[in-house]
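Novice: File final.cif below, mmCIF, C-alpha atoms:
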```cif
data_protein
loop_
_atom_site.label_atom_id
_atom_site.label_comp_id
_atom_site.auth_asym_id
_atom_site.auth_seq_id
_atom_site.Cartn_x
_atom_site.Cartn_y
_atom_site.Cartn_z
CA MET A 964 0.00 0.00 0.00
CA SER A 965 1.06 3.65 -0.16
CA SER A 966 3.93 4.78 2.02
CA GLN A 967 3.74 7.50 4.67
CA SER A 968 5.89 9.71 2.43
CA ASP A 969 3.23 9.58 -0.26
CA PRO A 970 0.11 11.19 1.33
CA GLN A 971 -3.34 10.55 -0.03
CA PRO A 972 -4.03 12.90 -2.94
CA PRO A 973 -7.17 15.05 -3.03
CA LEU A 974 -9.91 13.47 -5.10
CA ARG A 975 -10.92 15.41 -8.23
CA GLU A 976 -13.61 14.81 -10.82
CA PRO A 977 -13.36 17.74 -13.27
CA ASP A 978 -16.33 18.79 -15.38
CA LEU A 979 -16.38 18.13 -19.12
CA PRO A 980 -15.05 20.75 -21.51
CA ARG A 981 -17.71 23.05 -22.95
CA THR A 982 -17.52 21.38 -26.37
CA ALA A 983 -18.43 18.01 -24.83
CA LYS A 984 -21.74 18.86 -23.17
CA VAL A 985 -24.85 16.74 -23.66
CA ARG A 986 -26.01 16.35 -27.25
CA PRO A 987 -29.68 15.92 -28.13
CA LYS A 988 -29.22 12.87 -30.34
CA ALA A 989 -27.33 9.60 -30.45
CA LEU A 990 -23.58 9.74 -30.93
CA ARG A 991 -22.12 9.26 -34.39
CA THR A 992 -18.74 7.60 -34.76
CA GLY A 993 -16.11 8.87 -37.18
CA PHE A 994 -12.73 7.92 -38.61
CA THR A 995 -9.27 8.60 -37.21
CA THR A 996 -6.56 10.56 -38.99
CA GLY A 997 -4.80 7.23 -39.50
CA ALA A 998 -7.77 5.62 -41.25
CA CYS A 999 -8.30 8.68 -43.45
CA SER A 1000 -4.60 8.69 -44.37
CA ALA A 1001 -4.78 5.01 -45.30
CA ALA A 1002 -7.80 5.69 -47.51
CA ALA A 1003 -6.04 8.59 -49.22
CA ALA A 1004 -2.95 6.42 -49.71
CA ARG A 1005 -5.04 3.72 -51.35
CA ALA A 1006 -6.66 6.26 -53.69
CA ALA A 1007 -3.27 7.75 -54.64
CA ALA A 1008 -1.87 4.28 -55.32
CA GLU A 1009 -4.83 3.49 -57.59
CA LEU A 1010 -4.28 6.78 -59.42
CA LEU A 1011 -0.60 5.87 -59.87
CA VAL A 1012 -1.44 2.46 -61.34
CA THR A 1013 -4.54 3.23 -63.42
CA GLY A 1014 -4.22 6.93 -64.18
CA GLN A 1015 -7.74 7.41 -62.79
CA LEU A 1016 -8.63 8.89 -59.40
CA PRO A 1017 -11.31 6.69 -57.77
CA ALA A 1018 -14.43 8.35 -56.37
CA THR A 1019 -14.40 5.99 -53.38
CA VAL A 1020 -12.04 3.44 -51.85
CA ASP A 1021 -12.45 0.77 -49.21
CA ILE A 1022 -9.70 -0.27 -46.83
CA GLY A 1023 -9.15 -2.90 -44.15
CA PHE A 1024 -9.40 -2.08 -40.44
CA PRO A 1025 -7.80 -3.81 -37.43
CA ASP A 1026 -11.15 -5.45 -36.58
CA GLY A 1027 -11.04 -7.33 -39.90
CA LYS A 1028 -13.83 -5.29 -41.50
CA ARG A 1029 -13.55 -3.07 -44.56
CA ARG A 1030 -15.00 0.43 -44.70
CA ARG A 1031 -15.58 2.84 -47.57
CA PHE A 1032 -14.37 6.42 -47.91
CA GLN A 1033 -15.21 9.24 -50.28
CA VAL A 1034 -12.19 10.61 -52.13
CA ASP A 1035 -12.38 14.40 -52.17
CA SER A 1036 -9.84 15.28 -54.87
CA GLY A 1037 -6.40 14.49 -56.25
CA SER A 1038 -3.71 15.25 -58.81
CA ALA A 1039 -1.49 13.20 -61.08
CA GLU A 1040 2.09 14.52 -60.65
CA PRO A 1041 2.90 13.05 -58.20
CA ALA A 1042 -0.08 10.74 -57.69
CA THR A 1043 -1.94 12.43 -54.82
CA ALA A 1044 -5.34 11.99 -53.19
CA VAL A 1045 -7.27 13.81 -50.49
CA VAL A 1046 -9.70 12.37 -47.93
CA VAL A 1047 -11.48 14.78 -45.59
CA LYS A 1048 -11.67 13.64 -41.98
CA ASP A 1049 -15.11 13.15 -40.44
CA ALA A 1050 -14.69 12.73 -36.68
CA GLY A 1051 -18.37 11.99 -36.06
CA ASP A 1052 -19.68 13.55 -32.85
CA ASP A 1053 -16.31 13.67 -31.11
CA PRO A 1054 -15.16 17.24 -30.31
CA ASP A 1055 -11.99 16.72 -32.35
CA VAL A 1056 -9.80 19.59 -33.56
CA THR A 1057 -8.88 17.58 -36.67
CA HIS A 1058 -12.49 17.24 -37.86
CA GLY A 1059 -12.53 18.48 -41.45
CA ALA A 1060 -8.77 18.09 -41.90
CA ARG A 1061 -7.73 17.32 -45.48
CA LEU A 1062 -5.53 14.24 -45.22
CA THR A 1063 -3.42 14.48 -48.37
CA VAL A 1064 -1.22 11.58 -49.45
CA SER A 1065 1.15 11.24 -52.38
CA VAL A 1066 2.58 7.93 -53.62
CA VAL A 1067 5.82 7.85 -55.63
CA PRO A 1068 7.42 4.61 -56.92
CA ARG A 1069 10.74 3.42 -55.51
CA GLU A 1070 12.96 0.61 -56.71
CA ASP A 1071 13.76 -1.38 -53.56
CA GLY A 1072 10.29 -2.83 -52.93
CA GLU A 1073 9.89 -1.00 -49.61
CA VAL A 1074 6.92 1.13 -48.60
CA VAL A 1075 8.41 4.09 -46.71
CA LEU A 1076 6.26 6.64 -44.87
CA HIS A 1077 7.14 10.32 -44.67
CA GLY A 1078 5.57 13.23 -42.84
CA GLY A 1079 5.06 16.36 -44.93
CA GLU A 1080 3.72 19.78 -44.05
CA GLY A 1081 1.26 19.71 -41.18
CA VAL A 1082 2.41 16.34 -39.77
CA GLY A 1083 4.34 16.64 -36.52
CA THR A 1084 7.92 15.54 -35.92
CA VAL A 1085 8.81 13.53 -32.80
CA THR A 1086 11.51 15.27 -30.73
CA LYS A 1087 11.35 13.34 -27.44
CA PRO A 1088 11.41 9.65 -26.49
CA GLY A 1089 8.44 8.10 -24.73
CA LEU A 1090 5.92 7.86 -27.57
CA GLY A 1091 7.03 4.54 -29.00
CA LEU A 1092 8.12 6.35 -32.17
CA GLU A 1093 11.53 7.18 -33.61
CA VAL A 1094 12.88 10.54 -32.45
CA GLY A 1095 13.27 12.75 -35.51
CA GLY A 1096 10.64 10.81 -37.45
CA PRO A 1097 7.05 11.71 -38.30
CA ALA A 1098 4.36 11.37 -35.65
CA ILE A 1099 2.58 8.48 -37.35
CA ASN A 1100 1.53 5.86 -34.83
CA PRO A 1101 2.05 2.10 -35.32
CA VAL A 1102 -1.53 1.09 -36.23
CA PRO A 1103 -1.90 3.84 -38.86
CA ARG A 1104 1.50 2.85 -40.26
CA GLN A 1105 0.23 -0.69 -40.69
CA MET A 1106 -3.09 0.42 -42.20
CA ILE A 1107 -1.38 2.77 -44.67
CA GLY A 1108 1.18 0.14 -45.67
CA ASP A 1109 -1.52 -2.50 -46.14
CA ALA A 1110 -3.68 -0.15 -48.22
CA VAL A 1111 -0.78 0.66 -50.56
CA ARG A 1112 0.36 -2.97 -50.81
CA GLU A 1113 -3.13 -4.07 -51.87
CA VAL A 1114 -2.70 -1.93 -54.97
CA LEU A 1115 1.04 -2.05 -55.69
CA GLY A 1116 1.78 -5.62 -54.62
CA GLU A 1117 5.52 -6.07 -54.15
CA ARG A 1118 6.45 -2.75 -55.75
CA GLY A 1119 7.90 -0.11 -53.48
CA ALA A 1120 6.70 3.42 -52.84
CA ASP A 1121 7.47 6.58 -50.91
CA VAL A 1122 4.25 7.61 -49.19
CA THR A 1123 4.09 11.20 -47.95
CA ILE A 1124 1.28 12.49 -45.76
CA THR A 1125 0.56 16.21 -45.53
CA VAL A 1126 -2.18 18.04 -43.66
CA PRO A 1127 -2.85 21.61 -44.78
CA GLY A 1128 -3.25 23.73 -41.65
CA GLY A 1129 -2.00 20.90 -39.47
CA GLU A 1130 0.54 23.02 -37.62
CA LYS A 1131 -2.19 25.44 -36.54
CA MET A 1132 -4.46 22.56 -35.49
CA ALA A 1133 -1.65 21.13 -33.36
CA TYR A 1134 -1.69 24.19 -31.08
CA LYS A 1135 -5.09 23.01 -29.85
CA THR A 1136 -3.69 19.61 -28.87
CA THR A 1137 -1.16 18.39 -26.32
CA ASN A 1138 1.43 17.70 -29.02
CA ARG A 1139 3.93 20.37 -28.02
CA ARG A 1140 3.88 19.18 -24.42
CA LEU A 1141 4.64 15.68 -25.70
CA GLY A 1142 7.53 16.91 -27.82
CA ILE A 1143 5.74 16.75 -31.18
CA PHE A 1144 6.32 19.90 -33.22
CA GLY A 1145 5.24 21.16 -36.62
CA GLY A 1146 1.84 19.57 -36.94
CA ILE A 1147 -0.68 16.99 -35.83
CA SER A 1148 -0.17 13.31 -35.12
CA ILE A 1149 -1.54 10.57 -37.37
CA LEU A 1150 -3.37 8.56 -34.74
CA GLY A 1151 -5.71 5.66 -34.12
CA THR A 1152 -5.63 2.17 -32.64
CA THR A 1153 -8.89 0.97 -34.23
CA GLY A 1154 -9.41 3.41 -37.12
CA ILE A 1155 -12.73 4.46 -35.57
CA VAL A 1156 -13.30 7.63 -33.55
CA ARG A 1157 -15.63 6.79 -30.68
CA PRO A 1158 -16.67 9.88 -28.73
CA PHE A 1159 -15.45 8.81 -25.30
CA SER A 1160 -15.13 12.45 -24.27
CA THR A 1161 -18.79 13.45 -24.43
CA ALA A 1162 -21.43 13.61 -21.74
CA SER A 1163 -23.43 11.08 -23.73
CA TRP A 1164 -20.56 8.61 -23.39
CA ARG A 1165 -20.62 9.17 -19.63
CA SER A 1166 -24.32 8.35 -19.69
CA SER A 1167 -23.64 5.14 -21.58
CA VAL A 1168 -21.08 4.12 -18.94
CA GLU A 1169 -23.60 4.73 -16.18
CA GLN A 1170 -26.21 2.79 -18.11
CA ALA A 1171 -23.83 -0.14 -18.55
CA VAL A 1172 -23.37 -0.37 -14.77
CA SER A 1173 -27.14 -0.26 -14.32
CA VAL A 1174 -27.58 -3.09 -16.82
CA LEU A 1175 -24.97 -5.16 -14.96
CA SER A 1176 -26.82 -4.60 -11.69
CA ALA A 1177 -30.16 -5.52 -13.26
CA GLN A 1178 -28.64 -8.85 -14.25
CA ARG A 1179 -27.51 -9.35 -10.64
CA GLY A 1180 -23.86 -8.83 -11.40
CA ARG A 1181 -21.71 -8.04 -8.37
CA VAL A 1182 -18.37 -7.16 -10.03
CA ALA A 1183 -17.82 -4.40 -12.60
CA VAL A 1184 -14.68 -4.81 -14.72
CA LEU A 1185 -13.67 -1.38 -15.98
CA SER A 1186 -11.26 -0.73 -18.84
CA THR A 1187 -10.29 2.34 -20.83
CA GLY A 1188 -10.66 0.94 -24.35
CA GLY A 1189 -10.68 -2.07 -26.64
CA ARG A 1190 -7.15 -3.35 -25.98
CA THR A 1191 -7.43 -3.19 -22.19
CA GLU A 1192 -10.90 -4.73 -22.30
CA ARG A 1193 -9.58 -7.72 -24.27
CA VAL A 1194 -6.92 -8.24 -21.59
CA ALA A 1195 -9.56 -7.92 -18.87
CA MET A 1196 -11.69 -10.60 -20.54
CA ARG A 1197 -8.72 -12.98 -20.65
CA LEU A 1198 -7.96 -12.16 -17.03
CA LEU A 1199 -11.48 -12.83 -15.76
CA PRO A 1200 -13.00 -15.40 -18.15
CA ASP A 1201 -15.68 -16.45 -15.67
CA GLU A 1202 -17.29 -13.00 -15.49
CA PRO A 1203 -20.30 -12.46 -17.79
CA GLU A 1204 -19.83 -10.24 -20.84
CA VAL A 1205 -22.10 -7.59 -19.32
CA ALA A 1206 -19.56 -7.07 -16.51
CA PHE A 1207 -16.96 -5.60 -18.89
CA ILE A 1208 -17.42 -1.85 -19.32
CA GLU A 1209 -15.27 0.51 -21.38
CA VAL A 1210 -15.28 3.64 -19.23
CA GLY A 1211 -13.06 5.85 -21.40
CA ASP A 1212 -12.42 8.91 -19.23
CA PHE A 1213 -15.35 8.31 -16.88
CA THR A 1214 -14.05 6.06 -14.13
CA GLY A 1215 -15.60 8.26 -11.43
CA ALA A 1216 -19.06 8.03 -13.01
CA ALA A 1217 -18.80 4.23 -13.14
CA VAL A 1218 -17.71 4.02 -9.50
CA ARG A 1219 -20.53 6.28 -8.35
CA ARG A 1220 -23.14 4.25 -10.20
CA ALA A 1221 -21.64 0.99 -8.87
CA VAL A 1222 -22.09 2.29 -5.32
CA GLU A 1223 -25.67 3.38 -6.05
CA HIS A 1224 -26.54 -0.09 -7.34
CA GLY A 1225 -24.93 -1.93 -4.45
CA LEU A 1226 -22.16 -3.71 -6.36
CA ASP A 1227 -19.46 -5.37 -4.27
CA GLU A 1228 -16.28 -4.99 -6.28
CA LEU A 1229 -14.52 -3.12 -9.08
CA VAL A 1230 -11.64 -4.31 -11.23
CA PHE A 1231 -9.82 -1.61 -13.19
CA VAL A 1232 -7.58 -2.62 -16.12
CA GLY A 1233 -5.56 0.11 -17.81
CA MET A 1234 -2.21 1.38 -19.05
CA ILE A 1235 0.26 3.50 -17.15
CA GLY A 1236 -1.05 6.88 -18.34
CA LYS A 1237 -4.61 6.48 -17.06
CA LEU A 1238 -3.38 4.68 -13.93
CA THR A 1239 -1.09 7.60 -13.10
CA LYS A 1240 -3.96 10.08 -13.39
CA LEU A 1241 -6.14 7.93 -11.14
CA ALA A 1242 -3.33 7.43 -8.62
CA SER A 1243 -3.02 11.22 -8.35
CA GLY A 1244 -6.71 11.44 -7.41
CA VAL A 1245 -8.24 12.41 -10.78
CA VAL A 1246 -11.25 10.22 -11.59
CA MET A 1247 -12.39 12.02 -14.79
CA THR A 1248 -9.35 11.78 -17.02
CA HIS A 1249 -10.21 13.70 -20.22
CA TYR A 1250 -6.96 15.16 -21.56
CA THR A 1251 -8.25 18.75 -21.47
CA ARG A 1252 -9.03 18.47 -17.76
CA SER A 1253 -6.09 16.53 -16.39
CA LYS A 1254 -2.48 15.71 -17.12
CA VAL A 1255 -0.17 12.91 -16.12
CA ASP A 1256 1.63 13.62 -12.85
CA THR A 1257 5.10 12.40 -13.74
CA GLY A 1258 6.28 13.83 -10.41
CA LEU A 1259 4.37 11.00 -8.73
CA LEU A 1260 6.14 8.52 -10.99
CA GLY A 1261 9.45 10.17 -10.12
CA ARG A 1262 8.75 9.68 -6.42
CA LEU A 1263 8.07 5.99 -7.02
CA THR A 1264 11.32 5.74 -8.96
CA ALA A 1265 13.22 7.21 -6.01
CA GLU A 1266 11.38 5.04 -3.48
CA PHE A 1267 12.43 1.83 -5.20
CA GLY A 1268 16.07 2.65 -5.80
CA GLY A 1269 16.20 4.47 -9.11
CA SER A 1270 19.32 6.53 -9.75
CA GLU A 1271 19.22 10.29 -9.41
CA GLN A 1272 19.39 10.52 -13.19
CA ASP A 1273 16.44 8.15 -13.59
CA VAL A 1274 14.39 10.06 -11.01
CA THR A 1275 15.02 13.33 -12.84
CA GLU A 1276 14.25 11.83 -16.24
CA VAL A 1277 10.98 10.33 -15.02
CA SER A 1278 9.91 13.46 -13.13
CA GLU A 1279 10.54 15.65 -16.16
CA ALA A 1280 9.15 13.22 -18.75
CA ALA A 1281 6.50 14.45 -21.17
CA THR A 1282 4.61 11.14 -20.99
CA ALA A 1283 3.94 8.29 -18.61
CA ARG A 1284 5.18 5.99 -21.36
CA ARG A 1285 8.65 7.51 -20.99
CA ALA A 1286 8.61 6.69 -17.27
CA TYR A 1287 7.61 3.13 -18.17
CA GLU A 1288 10.62 2.89 -20.50
CA VAL A 1289 12.99 4.25 -17.85
CA TRP A 1290 11.64 1.77 -15.31
CA GLN A 1291 12.28 -1.05 -17.76
CA ARG A 1292 15.95 -0.01 -17.89
CA GLY A 1293 16.41 -0.67 -14.21
CA ASP A 1294 15.66 -3.53 -11.87
CA TYR A 1295 12.79 -1.75 -10.14
CA PHE A 1296 10.10 -1.85 -12.85
CA SER A 1297 7.89 -4.38 -11.06
CA ALA A 1298 8.15 -2.65 -7.69
CA CYS A 1299 7.17 0.74 -9.14
CA ALA A 1300 4.39 -0.65 -11.31
CA HIS A 1301 2.88 -2.74 -8.51
CA ARG A 1302 2.94 0.24 -6.15
CA LEU A 1303 1.18 2.35 -8.77
CA CYS A 1304 -1.59 -0.27 -8.96
CA ASP A 1305 -1.88 -0.18 -5.17
CA LEU A 1306 -2.21 3.60 -5.22
CA VAL A 1307 -4.98 3.43 -7.84
CA ALA A 1308 -6.87 0.85 -5.79
CA ALA A 1309 -6.58 3.07 -2.70
CA VAL A 1310 -7.89 6.12 -4.58
CA LEU A 1311 -10.87 4.27 -6.07
CA GLU A 1312 -11.73 2.66 -2.73
CA ARG A 1313 -11.63 6.08 -1.07
CA PHE A 1314 -13.72 7.61 -3.85
CA SER A 1315 -16.33 4.85 -3.53
CA GLU A 1316 -16.45 5.44 0.23
CA GLU A 1317 -17.07 9.15 -0.37
CA CYS A 1318 -19.87 8.14 -2.76
CA GLY A 1319 -21.55 6.23 0.06
CA ARG A 1320 -19.99 2.80 0.46
CA LYS A 1321 -16.48 1.44 0.21
CA LEU A 1322 -16.07 -1.12 -2.56
CA ARG A 1323 -13.27 -3.62 -2.94
CA VAL A 1324 -11.02 -2.55 -5.82
CA ARG A 1325 -8.41 -4.55 -7.71
CA VAL A 1326 -6.19 -3.09 -10.41
CA ALA A 1327 -4.10 -4.42 -13.30
CA MET A 1328 -1.60 -2.59 -15.54
CA VAL A 1329 -1.39 -3.67 -19.20
CA ASP A 1330 1.57 -3.20 -21.55
CA PHE A 1331 1.35 -0.91 -24.57
CA GLU A 1332 0.80 -3.79 -26.97
CA GLY A 1333 -2.29 -4.86 -25.06
CA GLU A 1334 -0.88 -8.35 -24.60
CA HIS A 1335 0.31 -8.76 -21.00
CA VAL A 1336 -0.52 -7.74 -17.46
CA VAL A 1337 2.80 -6.31 -16.22
CA ALA A 1338 1.70 -5.44 -12.68
CA ALA A 1339 -1.38 -5.86 -10.51
CA THR A 1340 -2.76 -5.82 -7.00
CA GLU A 1341 -3.15 -9.59 -7.52
CA ALA A 1342 0.27 -11.12 -8.18
CA ARG A 1343 -1.30 -14.15 -9.90
CA TRP A 1344 -2.66 -11.92 -12.65
CA VAL A 1345 0.77 -10.89 -13.90
CA THR A 1346 1.69 -12.57 -17.19
CA TRP A 1347 5.01 -10.76 -17.84
CA GLN A 1348 8.07 -10.43 -15.65
CA SER A 1349 10.70 -7.69 -15.80
CA ARG A 1350 14.32 -8.69 -15.87
#
```
Rewrite the coordinates I just gave you, this time as C-alpha cells.
Specialist:
Amino acid sequence: MSSQSDPQPPLREPDLPRTAKVRPKALRTGFTTGACSAAAARAAAELLVTGQLPATVDIGFPDGKRRRFQVDSGSAEPATAVVVKDAGDDPDVTHGARLTVSVVPREDGEVVLHGGEGVGTVTKPGLGLEVGGPAINPVPRQMIGDAVREVLGERGADVTITVPGGEKMAYKTTNRRLGIFGGISILGTTGIVRPFSTASWRSSVEQAVSVLSAQRGRVAVLSTGGRTERVAMRLLPDEPEVAFIEVGDFTGAAVRRAVEHGLDELVFVGMIGKLTKLASGVVMTHYTRSKVDTGLLGRLTAEFGGSEQDVTEVSEAATARRAYEVWQRGDYFSACAHRLCDLVAAVLERFSEECGRKLRVRVAMVDFEGEHVVAATEARWVTWQSR
C-alpha cells in the first residue's frame, strides 16, 4: 500500500469541456486521422497504377472489416489523393482536416512513410516512435502500408502524408507538451473515432453499470478501451460479458453508479497513463481536464532505488510511457508498477467510500501492446516479468 511519504491525494472529478456537453441525439462515430490517411494512400496508389482517381475506396481495419471512404480530390504529378476527416460527434480539432497523401514509386520494394507539411515531428522519447521521425503511430502505419500494398503488390513506394493547416491545429492539442512539433499526429488504434469524451458517453457508462446490476452482477470490470478490455476478458473469463465496461475517461461516473446499485467490487484494467492520473486522485481523465503527474512517478522511482538521473528523467518526462521505459531499464520496474496499482486501488476505494460505500477494488496494468498484465494488485494476474 502507499507509504507515509506519499500522502493521499485530493480526489478530483473535473467537469467536461464546454464542447463536450450533452447532445440531443445519439452519438455518431467517425474515422481517425490514421484511417483517413490510409484511404487517401489507397486512392493515390490506384491513381498511380490506373491513371484514374477513384471516387471511393475501401480499406481494411484492425477489426477485420472493410470500410468505404469518399475521395475528395487528387492530382497526377505526383499521384496524390485527399480524404477529408469526419470525426463523427467527437469534439476533435482535426475534424474536417484534409488528409493528403502522395505515392511515388521506388525501386527497392519497400513502402516508406514520410511526414510532410502539417504532420508533426517527434523530438522526445516516450511515444514509442523514432525521435526525428514523423508522428505516425504504429496502427496507422500498418493500415497505410496495407492499403498501398493491396494496390502495388511487391512494388515499393514513398508515401508522404501532408495536412494543410496541421501546424495550426496542433496548437489546440497536447502535441507540443509531448515533444511533437510542426503539426498533428496521425493517430488511431482501431481506425474508428468513438466519442469517449462526451457527456453522452458518460451516460452510456452509467447505463452499462445499471444493466450489470439488473442482471444481478456483483463485479464491474472497468477498462479504458478495446485493448485493455480484451486483456480484462482474458484475465477474468468467468465474469459475464455484461460485466466488462469501457469507461473511457469516466471512471468516477462508473464508480458512483456501482455504489448506487450496491455492487461489491470493481476491477480496473488500464495502461500506465490512465493509472497515473487515477493514482493522483483524478477520476475524470479527459486530456483537457487533467495531465499525467510524472512527479508522482518520479517519487516511485526514487522510493524503489532508481538513480538520481532516472528520477530526474521520469519526473521531467513528457509522458507516462517515458517513465515506463525508464523503469524497464532498471531492476525496479515491477516494484514501481505494482505500487502504482496499489495507489490506484486506494484512490478508487476512497472515492467509492465518499460516494456512500467502500467497494473492494483490484487493479491491473497492461503493456502498450495490449498483450500482457505487467503489474497488478493480484500477483497471480501478472503474465510478464521484468528482468
Novice: Would you translate the PyMOL selection byres ((chain A and resi 1109) around 10) into the concrete set of residues it matches in this file, as a VMD selection string?
Specialist: chain A and resid 1001 1004 to 1005 1022 to 1024 1074 1103 to 1108 1110 to 1116
Novice: Hey, which of A:Ala1177, A:Ala998, A:Ala1281, A:Leu1306 ends up closest to Pro1088 of chain A? Count all atoms listed in the file.
Specialist: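 Smallest distance to Pro1088 of chain A is found for A:Ala1281.
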Novice: Distance atom CA of Val1102 of chain A-atom CA of Val1230 of chain A, one decimal place?
Specialist: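 One can read the atom CA of Val1102 of chain A to atom CA of Val1230 of chain A distance as 27.5 Å.
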Novice: Apply the PyMOL selection byres ((chain A and resi 1344) around 12) to the displayed file and report the matching residues as a ChimeraX atom specification.
Specialist: /A:1194-1195,1197-1199,1230,1232,1301,1325-1329,1335-1343,1345-1348
Novice: Restricting it to C-alpha atoms, dump the selection as an mmCIF file, keeping the file's coordinate frame.
Specialist:
```
data_model
loop_
_atom_site.group_PDB
_atom_site.id
_atom_site.type_symbol
_atom_site.label_atom_id
_atom_site.label_comp_id
_atom_site.auth_asym_id
_atom_site.auth_seq_id
_atom_site.Cartn_x
_atom_site.Cartn_y
_atom_site.Cartn_z
ATOM 1 C CA VAL A 1194 -6.920 -8.240 -21.590
ATOM 2 C CA ALA A 1195 -9.560 -7.920 -18.870
ATOM 3 C CA ARG A 1197 -8.720 -12.980 -20.650
ATOM 4 C CA LEU A 1198 -7.960 -12.160 -17.030
ATOM 5 C CA LEU A 1199 -11.480 -12.830 -15.760
ATOM 6 C CA VAL A 1230 -11.640 -4.310 -11.230
ATOM 7 C CA VAL A 1232 -7.580 -2.620 -16.120
ATOM 8 C CA HIS A 1301 2.880 -2.740 -8.510
ATOM 9 C CA ARG A 1325 -8.410 -4.550 -7.710
ATOM 10 C CA VAL A 1326 -6.190 -3.090 -10.410
ATOM 11 C CA ALA A 1327 -4.100 -4.420 -13.300
ATOM 12 C CA MET A 1328 -1.600 -2.590 -15.540
ATOM 13 C CA VAL A 1329 -1.390 -3.670 -19.200
ATOM 14 C CA HIS A 1335 0.310 -8.760 -21.000
ATOM 15 C CA VAL A 1336 -0.520 -7.740 -17.460
ATOM 16 C CA VAL A 1337 2.800 -6.310 -16.220
ATOM 17 C CA ALA A 1338 1.700 -5.440 -12.680
ATOM 18 C CA ALA A 1339 -1.380 -5.860 -10.510
ATOM 19 C CA THR A 1340 -2.760 -5.820 -7.000
ATOM 20 C CA GLU A 1341 -3.150 -9.590 -7.520
ATOM 21 C CA ALA A 1342 0.270 -11.120 -8.180
ATOM 22 C CA ARG A 1343 -1.300 -14.150 -9.900
ATOM 23 C CA VAL A 1345 0.770 -10.890 -13.900
ATOM 24 C CA THR A 1346 1.690 -12.570 -17.190
ATOM 25 C CA TRP A 1347 5.010 -10.760 -17.840
ATOM 26 C CA GLN A 1348 8.070 -10.430 -15.650
#
```
Novice: What is the distance, in Å and to one decimal place, between atom CA of Gly1333 of chain A and atom CA of Glu1192 of chain A?
Specialist: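 So the answer is 9.0 Å.
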Novice: One decimal, Å: what's the distance from atom CA of Val1210 of chain A over to atom CA of Ile1143 of chain A, could you say?
Specialist: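 Interatomic distance, atom CA of Val1210 of chain A to atom CA of Ile1143 of chain A: 27.5 Å.
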Novice: For the PyMOL selection byres ((chain A and resi 1032-1044) around 6), applied here, can you spell out every residue it catches as a PyMOL selection string?
Specialist: chain A and resi 1003+1006-1007+1011+1018-1020+1031+1045-1046+1063-1066
Novice: So that I can see what lies close to segment 1263-1271 of chain A, please list as number ranges by chain the residues with an atom at most 7 Å from it, counting all atoms listed in the file and leaving out residues fewer than 2 positions away in the same chain.
Specialist: A: 1259-1261, 1273-1275, 1295, 1298-1299
Novice: Box for segment 1100-1116 of chain A: with edges along x, y and z, all listed atoms inside and 8 Å added on each side, what are the centre and edge lengths in Å to one decimal, as AutoDock Vina command-line options?
Specialist:
```
--center_x -0.8 --center_y 0.1 --center_z -45.3 --size_x 21.7 --size_y 27.5 --size_z 36.9
```
Novice: Taking the point (-20.4, 5.8, -10.4) as given in the file, collect each protein or nucleic acid residue that comes within 10 Å of it, counting only C-alpha atoms, and present the set as a PyMOL selection string.
Specialist: chain A and resi 1165+1168-1169+1172-1173+1213-1224+1314-1315+1318
Novice: Neighbouring residues of Arg1284 of chain A were defined as those with any atom within 10 Å, considering all atoms listed in the file; residues of the same chain fewer than 5 positions away were excluded. Please report them as number ranges by chain.
Specialist: A: 1088-1091, 1234-1236, 1257, 1277, 1289-1290, 1330-1331
Novice: Tell me, as a ChimeraX atom specification, which residues lie within 9 Å of Pro973 of chain A, counting all atoms listed in the file; anything in the same chain fewer than 4 positions away does not count.
Specialist: /A:1243-1245
Novice: For a quick check of your reading of the model, name the residues lying within 8 Å of the coordinate (-8.6, 7.2, -20.5), counting only C-alpha atoms, and write them as a list of chain:residue names.
Specialist: A:Thr1187, A:Gly1188, A:Val1210, A:Gly1211, A:Asp1212, A:Phe1213, A:Gly1236, A:Lys1237, A:Thr1248, A:His1249
Novice: Could you give me, as a list in words, the residues within 8 Å of Glu1073 of chain A, counting only C-alpha atoms and dropping anything in the same chain fewer than 6 positions from it?
Specialist: Arg1118, Gly1119 and Ala1120 of chain A
